>>> print(open('work02.txt').read())   # compact mmCIF, C-alpha atoms
# COMPACT_ATOMS: atom_id res chain seq x y z
CA MET O 1 33.07 -19.75 23.57
CA ARG O 2 29.29 -19.54 23.43
CA ASN O 3 27.71 -16.82 21.34
CA GLY O 4 26.09 -13.90 23.12
CA LEU O 5 22.45 -12.86 22.74
CA LEU O 6 21.04 -10.08 20.63
CA LEU O 7 18.71 -8.15 22.96
CA VAL O 8 16.38 -5.70 21.27
CA VAL O 9 14.96 -3.13 23.68
CA SER O 10 12.08 -0.83 22.73
CA GLY O 11 9.86 1.42 24.75
CA PRO O 12 8.01 4.74 24.58
CA ALA O 13 9.88 8.04 25.09
CA GLY O 14 9.88 8.48 28.87
CA SER O 15 10.01 4.74 29.61
CA GLY O 16 13.48 5.24 31.06
CA LYS O 17 15.36 3.04 28.57
CA GLY O 18 18.56 5.07 28.95
CA THR O 19 18.64 4.81 32.76
CA VAL O 20 17.76 1.12 32.83
CA LEU O 21 20.37 0.22 30.19
CA SER O 22 23.08 2.25 31.98
CA GLU O 23 22.27 0.30 35.16
CA LEU O 24 22.53 -2.96 33.24
CA LEU O 25 25.89 -2.08 31.65
CA GLY O 26 27.13 -1.03 35.10
CA LYS O 27 26.07 -4.34 36.66
CA SER O 28 27.58 -6.70 34.10
CA SER O 29 30.45 -6.60 31.63
CA ASP O 30 28.75 -9.27 29.49
CA PHE O 31 26.72 -6.64 27.67
CA CYS O 32 27.60 -4.02 25.07
CA TYR O 33 25.69 -1.50 23.00
CA SER O 34 25.38 -1.97 19.28
CA VAL O 35 27.03 0.84 17.31
CA SER O 36 24.71 2.24 14.62
CA ALA O 37 25.62 3.27 11.11
CA THR O 38 24.58 6.57 9.47
CA THR O 39 25.09 8.53 6.29
CA ARG O 40 25.01 11.87 8.07
CA ALA O 41 28.31 13.74 8.50
CA PRO O 42 30.20 13.27 11.76
CA ARG O 43 29.80 16.10 14.27
CA PRO O 44 32.87 17.56 15.96
CA GLY O 45 34.33 14.98 18.34
CA GLU O 46 32.37 12.03 16.97
CA GLN O 47 34.53 9.01 16.16
CA ASP O 48 33.91 6.41 13.49
CA GLY O 49 33.15 3.03 15.09
CA VAL O 50 32.48 4.60 18.49
CA ASN O 51 29.55 7.00 18.13
CA TYR O 52 28.53 5.72 14.71
CA PHE O 53 29.92 3.98 11.68
CA PHE O 54 29.93 6.79 9.14
CA LEU O 55 29.09 5.45 5.70
CA THR O 56 28.50 6.97 2.28
CA ARG O 57 25.03 6.69 0.86
CA ALA O 58 26.25 4.23 -1.78
CA GLU O 59 27.92 2.02 0.85
CA PHE O 60 24.80 2.10 3.08
CA GLU O 61 22.53 1.12 0.20
CA LYS O 62 24.93 -1.65 -0.85
CA ARG O 63 24.72 -3.09 2.67
CA ILE O 64 20.92 -2.92 2.64
CA ALA O 65 20.91 -4.88 -0.64
CA GLU O 66 23.31 -7.42 0.87
CA ARG O 67 21.05 -7.78 3.96
CA ARG O 68 23.88 -6.52 6.09
CA MET O 69 21.62 -3.99 7.84
CA LEU O 70 19.52 -5.63 10.56
CA GLU O 71 17.15 -2.69 10.41
CA TYR O 72 17.29 0.85 9.04
CA THR O 73 15.25 3.95 8.57
CA GLU O 74 15.56 7.20 6.67
CA TYR O 75 15.21 10.41 8.63
CA VAL O 76 15.57 13.96 7.27
CA GLY O 77 17.47 12.74 4.23
CA ASN O 78 19.90 10.46 6.06
CA TYR O 79 19.97 6.72 6.69
CA TYR O 80 20.34 5.29 10.19
CA GLY O 81 20.66 1.58 10.80
CA THR O 82 22.19 -1.40 12.60
CA PRO O 83 25.13 -3.02 10.80
CA ARG O 84 24.98 -6.79 11.02
CA ASP O 85 28.80 -7.22 10.82
CA TYR O 86 29.35 -5.40 14.11
CA VAL O 87 26.59 -7.34 15.86
CA ASP O 88 27.85 -10.69 14.55
CA ALA O 89 31.42 -9.97 15.68
CA ALA O 90 30.35 -8.92 19.21
CA LEU O 91 28.06 -11.98 19.57
CA ALA O 92 30.87 -14.31 18.43
CA ASP O 93 33.00 -12.64 21.10
CA GLY O 94 30.42 -13.90 23.67
CA LYS O 95 28.91 -10.46 24.36
CA ASN O 96 25.19 -9.84 24.75
CA VAL O 97 24.54 -7.02 22.30
CA ILE O 98 21.89 -4.44 23.14
CA LEU O 99 19.96 -2.78 20.36
CA GLU O 100 17.81 0.13 21.45
CA ILE O 101 15.32 0.67 18.65
CA GLU O 102 11.74 1.57 17.83
CA VAL O 103 8.86 -0.84 17.38
CA ASP O 104 9.13 -0.95 13.55
CA GLY O 105 12.86 -1.70 13.69
CA ALA O 106 12.36 -4.48 16.25
CA ALA O 107 10.06 -6.36 13.87
CA GLN O 108 12.65 -5.96 11.06
CA VAL O 109 15.40 -7.39 13.29
CA LYS O 110 13.31 -10.40 14.31
CA ARG O 111 12.76 -11.25 10.63
CA LEU O 112 16.48 -11.16 9.77
CA PHE O 113 17.64 -12.51 13.12
CA PRO O 114 15.07 -14.92 14.55
CA SER O 115 17.16 -15.75 17.64
CA ALA O 116 17.03 -12.10 18.80
CA VAL O 117 15.30 -11.56 22.16
CA LEU O 118 12.78 -8.71 22.07
CA VAL O 119 12.10 -6.81 25.29
CA PHE O 120 9.47 -4.11 25.62
CA LEU O 121 10.23 -1.66 28.40
CA CYS O 122 7.28 0.35 29.64
CA PRO O 123 6.30 2.71 32.43
CA PRO O 124 3.65 1.32 34.81
CA ASP O 125 0.91 3.65 33.55
CA LEU O 126 0.07 6.73 31.51
CA GLU O 127 0.05 9.04 34.56
CA THR O 128 3.63 8.08 35.43
CA LEU O 129 4.71 8.57 31.84
CA GLU O 130 3.08 12.01 31.70
CA ARG O 131 4.75 13.01 34.97
CA ARG O 132 8.15 11.93 33.62
CA LEU O 133 7.70 13.81 30.36
CA ARG O 134 6.61 16.97 32.24
CA GLY O 135 9.49 16.54 34.70
CA ARG O 136 11.96 17.10 31.90
CA ASN O 137 10.67 20.69 31.63
CA THR O 138 11.77 20.75 28.03
CA GLU O 139 8.71 19.64 26.09
CA THR O 140 5.80 21.79 24.99
CA GLU O 141 2.22 20.71 25.75
CA GLU O 142 1.86 19.72 22.14
CA VAL O 143 4.92 17.47 22.23
CA ILE O 144 3.75 15.87 25.49
CA ALA O 145 0.31 15.15 24.04
CA ARG O 146 1.89 13.67 20.91
CA ARG O 147 4.24 11.45 22.94
CA LEU O 148 1.41 10.16 25.13
CA GLN O 149 -0.62 9.34 22.04
CA LYS O 150 2.37 7.56 20.48
CA ALA O 151 2.99 5.60 23.70
CA LYS O 152 -0.63 4.37 23.63
CA GLU O 153 -0.06 3.12 20.09
CA GLU O 154 3.32 1.56 20.88
CA ILE O 155 2.11 -0.39 23.92
CA MET O 156 -0.31 -2.28 21.67
CA HIS O 157 2.78 -3.80 19.99
CA ALA O 158 4.04 -5.20 23.31
CA THR O 159 2.34 -8.50 22.42
CA GLU O 160 4.83 -8.91 19.54
CA TYR O 161 7.75 -8.87 21.97
CA ASP O 162 9.16 -11.83 23.90
CA TYR O 163 9.24 -10.10 27.29
CA ILE O 164 7.71 -7.06 28.97
CA VAL O 165 9.65 -5.28 31.71
CA VAL O 166 7.93 -2.54 33.68
CA ASN O 167 10.12 0.35 34.80
CA GLU O 168 8.36 1.45 38.00
CA GLU O 169 8.97 4.87 39.54
CA GLY O 170 12.48 4.65 40.99
CA GLY O 171 12.69 1.08 39.74
CA ALA O 172 15.52 1.27 37.19
CA ALA O 173 17.77 -1.05 39.23
CA ARG O 174 15.00 -3.63 39.46
CA ALA O 175 14.20 -3.37 35.76
CA ALA O 176 17.92 -3.87 34.98
CA GLU O 177 17.94 -6.99 37.19
CA GLU O 178 14.93 -8.30 35.31
CA LEU O 179 16.79 -7.77 32.02
CA LEU O 180 19.73 -9.71 33.49
CA ALA O 181 17.39 -12.58 34.48
CA VAL O 182 15.93 -12.59 30.95
CA ALA O 183 19.42 -12.85 29.43
CA GLN O 184 20.48 -15.54 31.90
CA ALA O 185 17.34 -17.61 31.29
CA GLU O 186 17.50 -17.20 27.51
CA ARG O 187 21.00 -18.68 27.42
CA LEU O 188 19.59 -21.76 29.18
CA ARG O 189 16.81 -22.28 26.65
CA ALA O 190 16.96 -25.79 25.19
CA GLY O 191 16.57 -24.34 21.70
CA ARG O 192 19.89 -22.54 22.17
CA CYS O 193 21.96 -25.01 24.18
CA ALA O 194 20.53 -28.56 23.97
CA GLU O 195 22.85 -29.76 21.22
CA GLU O 196 25.95 -28.51 23.01
CA ARG O 197 24.78 -29.86 26.40
CA ILE O 198 24.04 -33.31 25.04
CA ARG O 199 27.40 -33.43 23.27
CA SER O 200 29.27 -32.39 26.43
CA PHE O 201 27.34 -34.86 28.54
CA LEU O 202 28.07 -37.81 26.28
CA GLY O 203 31.67 -36.67 25.83
CA ALA O 204 31.13 -36.96 22.09
CA MET Z 205 -2.58 -11.59 42.61
CA ARG Z 206 -0.77 -13.08 39.62
CA ASN Z 207 -0.75 -16.83 39.21
CA GLY Z 208 2.46 -18.71 39.93
CA LEU Z 209 4.30 -20.91 37.47
CA LEU Z 210 4.22 -24.68 37.23
CA LEU Z 211 7.88 -25.74 37.03
CA VAL Z 212 8.49 -29.31 35.99
CA VAL Z 213 11.99 -30.52 36.86
CA SER Z 214 13.41 -33.77 35.49
CA GLY Z 215 16.90 -35.19 35.44
CA PRO Z 216 18.78 -38.48 35.67
CA ALA Z 217 19.38 -40.17 39.04
CA GLY Z 218 22.55 -38.52 40.34
CA SER Z 219 21.83 -35.16 38.65
CA GLY Z 220 21.44 -33.64 42.11
CA LYS Z 221 17.76 -32.61 41.78
CA GLY Z 222 17.17 -32.95 45.52
CA THR Z 223 20.10 -30.72 46.51
CA VAL Z 224 19.36 -28.07 43.88
CA LEU Z 225 15.65 -27.90 44.77
CA SER Z 226 16.43 -27.65 48.51
CA GLU Z 227 18.73 -24.71 47.71
CA LEU Z 228 15.96 -23.10 45.67
CA LEU Z 229 13.33 -23.52 48.39
CA GLY Z 230 15.83 -22.09 50.89
CA LYS Z 231 16.49 -19.03 48.73
CA SER Z 232 12.90 -18.05 47.99
CA SER Z 233 9.53 -18.49 49.65
CA ASP Z 234 7.77 -18.08 46.28
CA PHE Z 235 8.19 -21.79 45.55
CA CYS Z 236 6.55 -24.90 46.91
CA TYR Z 237 6.65 -28.60 46.14
CA SER Z 238 3.67 -30.30 44.61
CA VAL Z 239 2.20 -33.01 46.85
CA SER Z 240 1.66 -36.29 44.97
CA ALA Z 241 -1.29 -38.66 45.27
CA THR Z 242 -1.00 -42.41 45.71
CA THR Z 243 -3.16 -45.48 46.27
CA ARG Z 244 -0.58 -47.19 48.47
CA ALA Z 245 -1.26 -47.34 52.22
CA PRO Z 246 0.25 -44.62 54.41
CA ARG Z 247 3.39 -45.65 56.30
CA PRO Z 248 3.70 -44.89 60.00
CA GLY Z 249 4.04 -41.14 60.50
CA GLU Z 250 2.94 -40.18 56.97
CA GLN Z 251 0.24 -37.53 56.86
CA ASP Z 252 -2.47 -37.12 54.25
CA GLY Z 253 -1.91 -33.87 52.31
CA VAL Z 254 1.66 -33.53 53.54
CA ASN Z 255 3.62 -36.58 52.37
CA TYR Z 256 0.97 -37.72 49.91
CA PHE Z 257 -2.72 -37.48 49.26
CA PHE Z 258 -3.85 -41.03 50.04
CA LEU Z 259 -6.64 -42.06 47.69
CA THR Z 260 -8.56 -45.25 47.07
CA ARG Z 261 -8.08 -46.94 43.73
CA ALA Z 262 -11.61 -45.97 42.67
CA GLU Z 263 -11.06 -42.31 43.58
CA PHE Z 264 -7.69 -42.24 41.77
CA GLU Z 265 -9.22 -43.72 38.61
CA LYS Z 266 -12.16 -41.33 38.78
CA ARG Z 267 -9.69 -38.42 38.85
CA ILE Z 268 -7.77 -39.81 35.87
CA ALA Z 269 -11.03 -40.01 33.92
CA GLU Z 270 -11.86 -36.42 34.91
CA ARG Z 271 -8.38 -35.26 33.77
CA ARG Z 272 -7.66 -34.20 37.32
CA MET Z 273 -4.30 -36.01 37.33
CA LEU Z 274 -1.63 -33.97 35.54
CA GLU Z 275 0.40 -37.16 35.16
CA TYR Z 276 0.38 -40.59 36.74
CA THR Z 277 2.05 -43.94 36.60
CA GLU Z 278 1.45 -47.39 38.04
CA TYR Z 279 4.26 -48.99 40.00
CA VAL Z 280 4.15 -52.39 41.76
CA GLY Z 281 0.37 -52.39 41.79
CA ASN Z 282 -0.13 -48.82 43.06
CA TYR Z 283 -0.87 -45.55 41.34
CA TYR Z 284 1.28 -42.47 41.85
CA GLY Z 285 0.39 -39.12 40.31
CA THR Z 286 0.08 -35.34 40.48
CA PRO Z 287 -3.37 -34.04 41.46
CA ARG Z 288 -4.35 -31.03 39.43
CA ASP Z 289 -6.54 -29.54 42.21
CA TYR Z 290 -3.59 -29.05 44.54
CA VAL Z 291 -1.44 -27.52 41.79
CA ASP Z 292 -4.23 -25.16 40.66
CA ALA Z 293 -4.85 -23.95 44.22
CA ALA Z 294 -1.14 -23.27 44.90
CA LEU Z 295 -0.74 -21.44 41.56
CA ALA Z 296 -3.82 -19.30 42.27
CA ASP Z 297 -2.17 -18.48 45.59
CA GLY Z 298 0.74 -17.00 43.59
CA LYS Z 299 3.19 -19.81 44.37
CA ASN Z 300 5.55 -21.32 41.83
CA VAL Z 301 4.84 -25.04 42.10
CA ILE Z 302 7.70 -27.49 41.57
CA LEU Z 303 6.97 -30.90 40.13
CA GLU Z 304 9.88 -33.31 40.24
CA ILE Z 305 9.04 -36.04 37.75
CA GLU Z 306 10.46 -38.35 35.11
CA VAL Z 307 10.72 -37.66 31.41
CA ASP Z 308 7.46 -39.50 30.51
CA GLY Z 309 5.49 -37.61 33.14
CA ALA Z 310 6.87 -34.26 31.98
CA ALA Z 311 5.48 -34.79 28.49
CA GLN Z 312 2.07 -35.72 29.99
CA VAL Z 313 2.03 -32.53 32.07
CA LYS Z 314 2.88 -30.31 29.09
CA ARG Z 315 -0.08 -31.76 27.19
CA LEU Z 316 -2.59 -31.08 29.98
CA PHE Z 317 -0.92 -27.87 31.15
CA PRO Z 318 0.70 -26.08 28.19
CA SER Z 319 1.87 -23.12 30.28
CA ALA Z 320 4.08 -25.40 32.43
CA VAL Z 321 7.80 -24.60 32.26
CA LEU Z 322 9.92 -27.73 31.71
CA VAL Z 323 13.47 -27.72 33.06
CA PHE Z 324 15.94 -30.54 32.47
CA LEU Z 325 18.62 -30.74 35.13
CA CYS Z 326 21.75 -32.63 34.18
CA PRO Z 327 25.24 -33.32 35.40
CA PRO Z 328 28.00 -31.83 33.21
CA ASP Z 329 29.14 -35.24 31.87
CA LEU Z 330 28.93 -38.98 32.27
CA GLU Z 331 32.17 -39.18 34.30
CA THR Z 332 30.78 -36.79 36.92
CA LEU Z 333 27.51 -38.73 37.05
CA GLU Z 334 29.36 -42.03 37.51
CA ARG Z 335 31.50 -40.53 40.28
CA ARG Z 336 28.37 -39.27 42.07
CA LEU Z 337 26.61 -42.62 41.80
CA ARG Z 338 29.71 -44.43 43.12
CA GLY Z 339 30.11 -41.85 45.87
CA ARG Z 340 26.82 -42.97 47.37
CA ASN Z 341 28.45 -46.33 48.15
CA THR Z 342 25.02 -47.94 48.10
CA GLU Z 343 24.62 -49.09 44.50
CA THR Z 344 25.88 -52.33 42.99
CA GLU Z 345 27.91 -52.25 39.76
CA GLU Z 346 24.87 -53.50 37.93
CA VAL Z 347 22.67 -50.69 39.23
CA ILE Z 348 25.31 -48.09 38.35
CA ALA Z 349 25.64 -49.45 34.82
CA ARG Z 350 21.84 -49.41 34.42
CA ARG Z 351 21.57 -45.84 35.72
CA LEU Z 352 24.30 -44.60 33.37
CA GLN Z 353 22.56 -46.26 30.44
CA LYS Z 354 19.23 -44.71 31.48
CA ALA Z 355 20.86 -41.26 31.84
CA LYS Z 356 22.18 -41.53 28.26
CA GLU Z 357 18.64 -42.25 27.06
CA GLU Z 358 17.08 -39.50 29.18
CA ILE Z 359 19.47 -36.76 28.04
CA MET Z 360 18.23 -37.27 24.47
CA HIS Z 361 14.85 -35.96 25.69
CA ALA Z 362 16.42 -32.69 26.89
CA THR Z 363 15.45 -31.14 23.53
CA GLU Z 364 11.77 -31.51 24.51
CA TYR Z 365 12.29 -29.32 27.57
CA ASP Z 366 12.15 -25.52 27.67
CA TYR Z 367 15.40 -25.04 29.59
CA ILE Z 368 18.51 -27.03 30.43
CA VAL Z 369 20.34 -26.34 33.67
CA VAL Z 370 23.70 -28.01 34.30
CA ASN Z 371 24.47 -28.95 37.88
CA GLU Z 372 28.28 -28.70 37.94
CA GLU Z 373 30.35 -30.36 40.65
CA GLY Z 374 29.70 -28.26 43.78
CA GLY Z 375 27.40 -26.05 41.71
CA ALA Z 376 24.02 -26.63 43.37
CA ALA Z 377 23.77 -22.99 44.51
CA ARG Z 378 24.48 -21.77 41.00
CA ALA Z 379 21.98 -24.20 39.48
CA ALA Z 380 19.35 -22.99 41.99
CA GLU Z 381 20.09 -19.38 40.95
CA GLU Z 382 19.62 -20.33 37.33
CA LEU Z 383 16.24 -21.87 38.19
CA LEU Z 384 15.32 -18.62 39.92
CA ALA Z 385 16.31 -16.62 36.81
CA VAL Z 386 14.21 -18.95 34.66
CA ALA Z 387 11.17 -18.40 36.89
CA GLN Z 388 11.74 -14.62 37.02
CA ALA Z 389 12.11 -14.38 33.23
CA GLU Z 390 9.13 -16.64 32.53
CA ARG Z 391 6.85 -14.37 34.52
CA LEU Z 392 7.94 -11.50 32.26
CA ARG Z 393 7.11 -13.35 29.05
CA ALA Z 394 4.71 -11.33 26.92
CA GLY Z 395 2.56 -14.43 26.40
CA ARG Z 396 1.90 -14.49 30.15
CA CYS Z 397 1.65 -10.81 31.06
CA ALA Z 398 1.03 -8.62 27.99
CA GLU Z 399 -2.73 -8.36 28.44
CA GLU Z 400 -2.41 -7.34 32.09
CA ARG Z 401 0.45 -4.90 31.38
CA ILE Z 402 -1.41 -3.16 28.58
CA ARG Z 403 -4.55 -2.88 30.73
CA SER Z 404 -2.60 -1.40 33.66
CA PHE Z 405 -0.74 1.00 31.38
CA LEU Z 406 -3.90 2.35 29.78
CA GLY Z 407 -5.68 2.41 33.15
CA ALA Z 408 -8.51 0.50 31.51
>>> encode(input="work02.txt", output="structure tokens")
Amino acid sequence: MRNGLLLVVSGPAGSGKGTVLSELLGKSSDFCYSVSATTRAPRPGEQDGVNYFFLTRAEFEKRIAERRMLEYTEYVGNYYGTPRDYVDAALADGKNVILEIEVDGAAQVKRLFPSAVLVFLCPPDLETLERRLRGRNTETEEVIARRLQKAKEEIMHATEYDYIVVNEEGGAARAAEELLAVAQAERLRAGRCAEERIRSFLGA
Amino acid sequence: MRNGLLLVVSGPAGSGKGTVLSELLGKSSDFCYSVSATTRAPRPGEQDGVNYFFLTRAEFEKRIAERRMLEYTEYVGNYYGTPRDYVDAALADGKNVILEIEVDGAAQVKRLFPSAVLVFLCPPDLETLERRLRGRNTETEEVIARRLQKAKEEIMHATEYDYIVVNEEGGAARAAEELLAVAQAERLRAGRCAEERIRSFLGA
């Protein structure tokens, strides 16, 4: 069986990543989410290996040293990261693994995993983003201003990604289709499949 | 309007290029064929600008010198080639232009037109290719043997292409869909659209 693709998806808060990725997972069973690891304690109902892999601090740091974390960050005293073992197993199983992470993490992943496909998901413009953030009715003016500022900084990193998908207003289904086309095309890239194709063709 | 893509499609005789490209043109009006130029005389019914651009030898050579031929070859005393002017105009019109050419020509195009997307179309294996060539009932044993030998040499160049699409037995519709996915994904590549996306996002 052919290996799946590691698809890294980043985008500003309000870009609609959650909606687009739900659409994608609904359209195709070839994709799965990566399960993250953390050192924080499980909350009631959370299951190890489903919501997170719950690791001790010592175990997490051992895996960082062994380069078994594709990316990680520390937040309020706890580690959060992407365990390479899980990703490798899902890819070997032929699944396309989706990693939803921030801009810094995406660059880390590309270094450790050069065949990863990086997709930047963005709203069409700042006005749309602001409308979406206000529509949630949960953020203060200060938070909205901070998010808009952060989005302006993040979009400048779009050039470091392989693909840019725009999530238009009401366009989550279309954006999910574009992600599907990216995955389909990437599996046809000569760099990924030439050797196997030539071997099959020659019957060698 | 955004520029279209220049899609160069190569593949051994019997790979089914004609069938797959007809399927593609039937599925989407975003694609058009490039019209070639030649110095040979028009045959009855052939129209200038439709079947070929009919040029004098002097005009053809002038265009080569001006780098206005994306690729060309000489065959039985006549030139055949791809005029850059036509391709540029169709791309500016937002069309994806398809160039069906041989392996040597594809390399020439990539040099003069680095943003071209090179797709190698191949049959799944030699047995299938041989069956297709025999199925035509028009080729001698010698021609079949020569074509199979040439296909073995051509497939080794697949590594120089961007994508490899396999045309399985009865799979022309699927191969055409894969070409569509390639074109859709290529238009989302950050290298092609990042600048425009960032400008639109910032409203600059």
>>> closest_atom_pairs(input="work02.txt", of="chain Z", to="chain O", cutoff="10 Å", atoms="only C-alpha atoms", output="JSON lines")
{"residue": "Z:Leu322", "atom": "CA", "partner": "O:Ala190", "partner_atom": "CA", "distance": 9.8}
{"residue": "Z:Val323", "atom": "CA", "partner": "O:Ala190", "partner_atom": "CA", "distance": 8.8}
{"residue": "Z:Phe324", "atom": "CA", "partner": "O:Ala190", "partner_atom": "CA", "distance": 8.8}
{"residue": "Z:Cys326", "atom": "CA", "partner": "O:Phe201", "partner_atom": "CA", "distance": 8.2}
{"residue": "Z:Pro327", "atom": "CA", "partner": "O:Phe201", "partner_atom": "CA", "distance": 7.3}
{"residue": "Z:Pro328", "atom": "CA", "partner": "O:Phe201", "partner_atom": "CA", "distance": 5.6}
{"residue": "Z:Asp329", "atom": "CA", "partner": "O:Phe201", "partner_atom": "CA", "distance": 3.8}
{"residue": "Z:Leu330", "atom": "CA", "partner": "O:Phe201", "partner_atom": "CA", "distance": 5.8}
{"residue": "Z:Glu331", "atom": "CA", "partner": "O:Phe201", "partner_atom": "CA", "distance": 8.7}
{"residue": "Z:Thr332", "atom": "CA", "partner": "O:Phe201", "partner_atom": "CA", "distance": 9.3}
{"residue": "Z:Leu333", "atom": "CA", "partner": "O:Phe201", "partner_atom": "CA", "distance": 9.4}
{"residue": "Z:Ala355", "atom": "CA", "partner": "O:Phe201", "partner_atom": "CA", "distance": 9.7}
{"residue": "Z:Lys356", "atom": "CA", "partner": "O:Leu202", "partner_atom": "CA", "distance": 7.2}
{"residue": "Z:Ile359", "atom": "CA", "partner": "O:Ile198", "partner_atom": "CA", "distance": 6.5}
{"residue": "Z:Met360", "atom": "CA", "partner": "O:Ile198", "partner_atom": "CA", "distance": 7.1}
{"residue": "Z:His361", "atom": "CA", "partner": "O:Ala194", "partner_atom": "CA", "distance": 9.5}
{"residue": "Z:Ala362", "atom": "CA", "partner": "O:Ala194", "partner_atom": "CA", "distance": 6.5}
{"residue": "Z:Thr363", "atom": "CA", "partner": "O:Ala194", "partner_atom": "CA", "distance": 5.7}
{"residue": "Z:Glu364", "atom": "CA", "partner": "O:Ala190", "partner_atom": "CA", "distance": 7.8}
{"residue": "Z:Tyr365", "atom": "CA", "partner": "O:Ala190", "partner_atom": "CA", "distance": 6.3}
{"residue": "Z:Asp366", "atom": "CA", "partner": "O:Ala190", "partner_atom": "CA", "distance": 5.4}
{"residue": "Z:Tyr367", "atom": "CA", "partner": "O:Arg189", "partner_atom": "CA", "distance": 4.3}
{"residue": "Z:Ile368", "atom": "CA", "partner": "O:Leu188", "partner_atom": "CA", "distance": 5.5}
{"residue": "Z:Val369", "atom": "CA", "partner": "O:Leu188", "partner_atom": "CA", "distance": 6.5}
{"residue": "Z:Val370", "atom": "CA", "partner": "O:Arg197", "partner_atom": "CA", "distance": 8.2}
{"residue": "Z:Glu381", "atom": "CA", "partner": "O:Ala181", "partner_atom": "CA", "distance": 9.8}
{"residue": "Z:Glu382", "atom": "CA", "partner": "O:Ala185", "partner_atom": "CA", "distance": 7.0}
{"residue": "Z:Leu383", "atom": "CA", "partner": "O:Ala185", "partner_atom": "CA", "distance": 8.2}
{"residue": "Z:Leu384", "atom": "CA", "partner": "O:Ala181", "partner_atom": "CA", "distance": 8.4}
{"residue": "Z:Ala385", "atom": "CA", "partner": "O:Ala181", "partner_atom": "CA", "distance": 4.8}
{"residue": "Z:Val386", "atom": "CA", "partner": "O:Ala185", "partner_atom": "CA", "distance": 4.8}
{"residue": "Z:Ala387", "atom": "CA", "partner": "O:Ala185", "partner_atom": "CA", "distance": 8.4}
{"residue": "Z:Gln388", "atom": "CA", "partner": "O:Ala181", "partner_atom": "CA", "distance": 6.5}
{"residue": "Z:Ala389", "atom": "CA", "partner": "O:Val182", "partner_atom": "CA", "distance": 4.8}
{"residue": "Z:Glu390", "atom": "CA", "partner": "O:Val182", "partner_atom": "CA", "distance": 8.1}
{"residue": "Z:Arg391", "atom": "CA", "partner": "O:Tyr163", "partner_atom": "CA", "distance": 8.7}
{"residue": "Z:Leu392", "atom": "CA", "partner": "O:Tyr163", "partner_atom": "CA", "distance": 5.3}
{"residue": "Z:Arg393", "atom": "CA", "partner": "O:Tyr163", "partner_atom": "CA", "distance": 4.3}
{"residue": "Z:Ala394", "atom": "CA", "partner": "O:Tyr163", "partner_atom": "CA", "distance": 4.7}
{"residue": "Z:Gly395", "atom": "CA", "partner": "O:Thr159", "partner_atom": "CA", "distance": 7.1}
{"residue": "Z:Arg396", "atom": "CA", "partner": "O:Tyr163", "partner_atom": "CA", "distance": 9.0}
{"residue": "Z:Cys397", "atom": "CA", "partner": "O:Ile164", "partner_atom": "CA", "distance": 7.4}
{"residue": "Z:Ala398", "atom": "CA", "partner": "O:Thr159", "partner_atom": "CA", "distance": 5.7}
{"residue": "Z:Glu399", "atom": "CA", "partner": "O:Thr159", "partner_atom": "CA", "distance": 7.9}
{"residue": "Z:Arg401", "atom": "CA", "partner": "O:Pro124", "partner_atom": "CA", "distance": 7.8}
{"residue": "Z:Ile402", "atom": "CA", "partner": "O:Ile155", "partner_atom": "CA", "distance": 6.5}
{"residue": "Z:Arg403", "atom": "CA", "partner": "O:Asp125", "partner_atom": "CA", "distance": 9.0}
{"residue": "Z:Ser404", "atom": "CA", "partner": "O:Asp125", "partner_atom": "CA", "distance": 6.2}
{"residue": "Z:Phe405", "atom": "CA", "partner": "O:Asp125", "partner_atom": "CA", "distance": 3.8}
{"residue": "Z:Leu406", "atom": "CA", "partner": "O:Leu126", "partner_atom": "CA", "distance": 6.2}
{"residue": "Z:Gly407", "atom": "CA", "partner": "O:Asp125", "partner_atom": "CA", "distance": 6.7}
>>> atom_distance(input="work02.txt", atom1="atom CA of Ala241 of chain Z", atom2="atom CA of Leu259 of chain Z")
6.8 Å
>>> atom_distance(input="work02.txt", atom1="atom CA of Ala176 of chain O", atom2="atom CA of Ala320 of chain Z")
25.7 Å
>>> atom_distance(input="work02.txt", atom1="atom CA of Gly285 of chain Z", atom2="atom CA of Arg378 of chain Z")
29.7 Å
>>> residues_around(input="work02.txt", residues="segment 272-276 of chain Z", least_positions_apart="6", cutoff="7 Å", atoms="all atoms listed in the file", output="number ranges by chain")
Z: 283-289, 309, 312-313, 316
>>> residues_around(input="work02.txt", residues="Ala294 of chain Z", least_positions_apart="3", cutoff="10 Å", atoms="all atoms listed in the file", output="VMD selection string")
chain Z and resid 207 to 210 235 to 238 289 to 291 297 to 301
>>> residues_around(input="work02.txt", residues="Ala58 of chain O", least_positions_apart="6", cutoff="12 Å", atoms="all atoms listed in the file", output="PyMOL selection string")
chain O and resi 38-39+64-65+78-79
>>> residues_around(input="work02.txt", residues="Ala376 of chain Z", least_positions_apart="2", cutoff="8 Å", atoms="only C-alpha atoms", output="PyMOL selection string")
chain Z and resi 220+223-224+227+371-374+378-380
>>> write_last_selection(input="work02.txt", atoms="C-alpha atoms", output="short mmCIF file (atom, residue, chain, number, x, y, z; two decimals), in the frame of the given file")
data_model
loop_
_atom_site.label_atom_id
_atom_site.label_comp_id
_atom_site.auth_asym_id
_atom_site.auth_seq_id
_atom_site.Cartn_x
_atom_site.Cartn_y
_atom_site.Cartn_z
CA GLY Z 220 21.44 -33.64 42.11
CA THR Z 223 20.10 -30.72 46.51
CA VAL Z 224 19.36 -28.07 43.88
CA GLU Z 227 18.73 -24.71 47.71
CA ASN Z 371 24.47 -28.95 37.88
CA GLU Z 372 28.28 -28.70 37.94
CA GLU Z 373 30.35 -30.36 40.65
CA GLY Z 374 29.70 -28.26 43.78
CA ARG Z 378 24.48 -21.77 41.00
CA ALA Z 379 21.98 -24.20 39.48
CA ALA Z 380 19.35 -22.99 41.99
#
